[in-house]
Structure formats: structure tokens, C-alpha cells
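Remarks on the structure that follows.
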Amino acid sequence: MKTRIVKNWRTTFLGTALLIIAIVLLIFKTLTGGEFIALLPTILGLLFVPDTVFKIHRRD
């Protein structure tokens with residue numbers, strides 16, 4: 001599982017960045033607990049989704 005997370009670094013980075021932003025907003029009380037819990041499945045999903053979601057398809 002570690003290799004999958006490290007290999008797909010784009011989505012892992014995006015998920016980690018969103019998690020940090022959400023925690024900071026939660027600390028500053030801009031984000032409520034319910035909103036944080038609603039964002040959590042999306043954030044966790046980004047940690048494990050493959051990078052093919054962001055792959056640019058070239059036409060040859």
C-alpha cells in the first residue's frame with residue numbers, strides 16, 4: 001500500500017494538502033465539525049485513487 005501511495009504522488013499530494021487545509025480551517029473555526037466530516041471521504045479517497053485521473057491523453 002505504501003508503494004501505491006508514493007507512486008501516485010499527485011493525488012496523494014492533493015489529498016494531503018486538502019487535509020491540512022481542512023484541519024487549519026477547523027482549528028480557526030471557519031469549518032464546522034460536520035463540514036469536516038463531510039469532506040473526509042473525498043480527502044481519503046484522493047489518497048488512494050490512482051494518478052490516471054489526472055493523466056493527459058495525447059492524440060498522435
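Starting from 1 in every chain, residues are counted up; chains themselves are A, B, ... following the order of the C-alpha cells, and ligands are numbered from 1 as listed.
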*Write out as a list in words which residues come within 6 Å of range 10-21 of chain A when counting only C-alpha atoms, dropping same-chain ones fewer than 3 positions away.*
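Here the answer would be Val24, Ile43, Leu46 and Leu47 of chain A.
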Residues just named, written with N, CA and C atoms as a PDB file, in the first residue's frame:
```pdb
ATOM      1  N   VAL A  24      -6.645  23.126   9.417  1.00  0.00           N
ATOM      2  CA  VAL A  24      -6.392  24.525   9.789  1.00  0.00           C
ATOM      3  C   VAL A  24      -7.706  25.300   9.879  1.00  0.00           C
ATOM      4  N   ILE A  43     -11.291  13.509   0.822  1.00  0.00           N
ATOM      5  CA  ILE A  43      -9.862  13.627   1.107  1.00  0.00           C
ATOM      6  C   ILE A  43      -9.217  12.249   1.172  1.00  0.00           C
ATOM      7  N   LEU A  46      -8.891  10.663  -2.257  1.00  0.00           N
ATOM      8  CA  LEU A  46      -7.790  11.186  -3.060  1.00  0.00           C
ATOM      9  C   LEU A  46      -6.457  10.562  -2.679  1.00  0.00           C
ATOM     10  N   LEU A  47      -6.325  10.117  -1.454  1.00  0.00           N
ATOM     11  CA  LEU A  47      -5.067   9.493  -1.040  1.00  0.00           C
ATOM     12  C   LEU A  47      -4.837   8.155  -1.733  1.00  0.00           C
TER      13      LEU A  47
END
```
*So which bits of chain A end up alpha helix (DSSP H) when you DSSP the backbone, as a ChimeraX atom specification?*
/A:2-7,9-27,33-48
Hey, can you spit out that residue selection with N, CA and C atoms as a CSV table (one decimal), in the first residue's frame?
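Once written, again37.csv looks like this:
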```csv
chain,number,residue,atom,x,y,z
A,2,LYS,N,2.0,1.2,0.7
A,2,LYS,CA,2.9,2.4,0.7
A,2,LYS,C,3.4,2.7,-0.7
A,3,THR,N,3.7,1.7,-1.5
A,3,THR,CA,4.2,2.0,-2.9
A,3,THR,C,3.1,2.6,-3.7
A,4,ARG,N,1.9,2.2,-3.5
A,4,ARG,CA,0.8,2.8,-4.3
A,4,ARG,C,0.6,4.3,-3.9
A,5,ILE,N,0.7,4.6,-2.7
A,5,ILE,CA,0.6,6.0,-2.2
A,5,ILE,C,1.7,6.8,-2.7
A,6,VAL,N,3.0,6.3,-2.7
A,6,VAL,CA,4.1,7.0,-3.1
A,6,VAL,C,4.2,7.1,-4.6
A,7,LYS,N,3.8,6.0,-5.3
A,7,LYS,CA,3.8,6.0,-6.8
A,7,LYS,C,2.8,7.0,-7.4
A,9,TRP,N,1.9,10.1,-6.6
A,9,TRP,CA,2.2,11.2,-5.8
A,9,TRP,C,1.3,12.4,-6.0
A,10,ARG,N,0.7,12.6,-7.2
A,10,ARG,CA,-0.1,13.8,-7.5
A,10,ARG,C,-1.4,13.8,-6.6
A,11,THR,N,-2.1,12.7,-6.6
A,11,THR,CA,-3.3,12.6,-5.9
A,11,THR,C,-3.0,12.6,-4.4
A,12,THR,N,-1.9,11.9,-4.0
A,12,THR,CA,-1.6,11.9,-2.6
A,12,THR,C,-1.2,13.3,-2.1
A,13,PHE,N,-0.5,14.1,-2.9
A,13,PHE,CA,-0.2,15.4,-2.5
A,13,PHE,C,-1.5,16.3,-2.4
A,14,LEU,N,-2.4,16.1,-3.4
A,14,LEU,CA,-3.6,16.9,-3.3
A,14,LEU,C,-4.5,16.5,-2.1
A,15,GLY,N,-4.6,15.2,-1.8
A,15,GLY,CA,-5.3,14.8,-0.6
A,15,GLY,C,-4.7,15.3,0.7
A,16,THR,N,-3.4,15.2,0.8
A,16,THR,CA,-2.7,15.7,2.0
A,16,THR,C,-2.9,17.2,2.1
A,17,ALA,N,-2.8,18.0,1.0
A,17,ALA,CA,-2.9,19.4,1.1
A,17,ALA,C,-4.3,19.8,1.5
A,18,LEU,N,-5.3,19.1,1.0
A,18,LEU,CA,-6.7,19.3,1.4
A,18,LEU,C,-7.0,19.0,2.9
A,19,LEU,N,-6.3,17.9,3.3
A,19,LEU,CA,-6.5,17.5,4.7
A,19,LEU,C,-5.9,18.6,5.7
A,20,ILE,N,-4.7,19.1,5.3
A,20,ILE,CA,-4.0,20.1,6.1
A,20,ILE,C,-4.9,21.4,6.1
A,21,ILE,N,-5.4,21.8,5.0
A,21,ILE,CA,-6.2,23.0,4.9
A,21,ILE,C,-7.5,22.8,5.7
A,22,ALA,N,-8.1,21.7,5.6
A,22,ALA,CA,-9.3,21.4,6.4
A,22,ALA,C,-9.1,21.4,7.9
A,23,ILE,N,-8.0,20.9,8.3
A,23,ILE,CA,-7.6,20.9,9.8
A,23,ILE,C,-7.4,22.3,10.2
A,24,VAL,N,-6.6,23.1,9.4
A,24,VAL,CA,-6.4,24.5,9.8
A,24,VAL,C,-7.7,25.3,9.9
A,25,LEU,N,-8.6,25.1,8.9
A,25,LEU,CA,-9.9,25.8,9.0
A,25,LEU,C,-10.7,25.3,10.1
A,26,LEU,N,-10.6,24.1,10.5
A,26,LEU,CA,-11.3,23.6,11.7
A,26,LEU,C,-10.8,24.2,13.0
A,27,ILE,N,-9.4,24.4,13.1
A,27,ILE,CA,-8.8,25.0,14.2
A,27,ILE,C,-9.3,26.4,14.4
A,33,GLY,N,-17.4,21.0,12.5
A,33,GLY,CA,-17.1,19.5,12.5
A,33,GLY,C,-17.9,18.7,11.5
A,34,GLY,N,-19.2,19.1,11.3
A,34,GLY,CA,-20.0,18.4,10.3
A,34,GLY,C,-19.5,18.5,8.9
A,35,GLU,N,-19.0,19.8,8.6
A,35,GLU,CA,-18.4,20.0,7.3
A,35,GLU,C,-17.1,19.3,7.1
A,36,PHE,N,-16.3,19.2,8.1
A,36,PHE,CA,-15.1,18.4,8.1
A,36,PHE,C,-15.3,17.0,7.8
A,37,ILE,N,-16.3,16.4,8.5
A,37,ILE,CA,-16.6,15.0,8.3
A,37,ILE,C,-17.2,14.8,6.9
A,38,ALA,N,-17.9,15.7,6.4
A,38,ALA,CA,-18.4,15.6,5.0
A,38,ALA,C,-17.3,15.6,4.0
A,39,LEU,N,-16.2,16.4,4.3
A,39,LEU,CA,-15.1,16.4,3.4
A,39,LEU,C,-14.1,15.2,3.5
A,40,LEU,N,-14.2,14.6,4.6
A,40,LEU,CA,-13.2,13.5,4.9
A,40,LEU,C,-13.2,12.3,3.9
A,41,PRO,N,-14.4,11.8,3.4
A,41,PRO,CA,-14.3,10.8,2.4
A,41,PRO,C,-13.7,11.2,1.1
A,42,THR,N,-13.9,12.4,0.7
A,42,THR,CA,-13.2,12.9,-0.5
A,42,THR,C,-11.7,13.0,-0.3
A,43,ILE,N,-11.3,13.5,0.8
A,43,ILE,CA,-9.9,13.6,1.1
A,43,ILE,C,-9.2,12.2,1.2
A,44,LEU,N,-9.8,11.3,1.9
A,44,LEU,CA,-9.3,10.0,2.0
A,44,LEU,C,-9.3,9.3,0.6
A,45,GLY,N,-10.3,9.5,-0.2
A,45,GLY,CA,-10.4,8.9,-1.5
A,45,GLY,C,-9.3,9.4,-2.4
A,46,LEU,N,-8.9,10.7,-2.3
A,46,LEU,CA,-7.8,11.2,-3.1
A,46,LEU,C,-6.5,10.6,-2.7
A,47,LEU,N,-6.3,10.1,-1.5
A,47,LEU,CA,-5.1,9.5,-1.0
A,47,LEU,C,-4.8,8.2,-1.7
A,48,PHE,N,-5.9,7.5,-2.1
A,48,PHE,CA,-5.8,6.1,-2.7
A,48,PHE,C,-6.1,6.0,-4.1
```
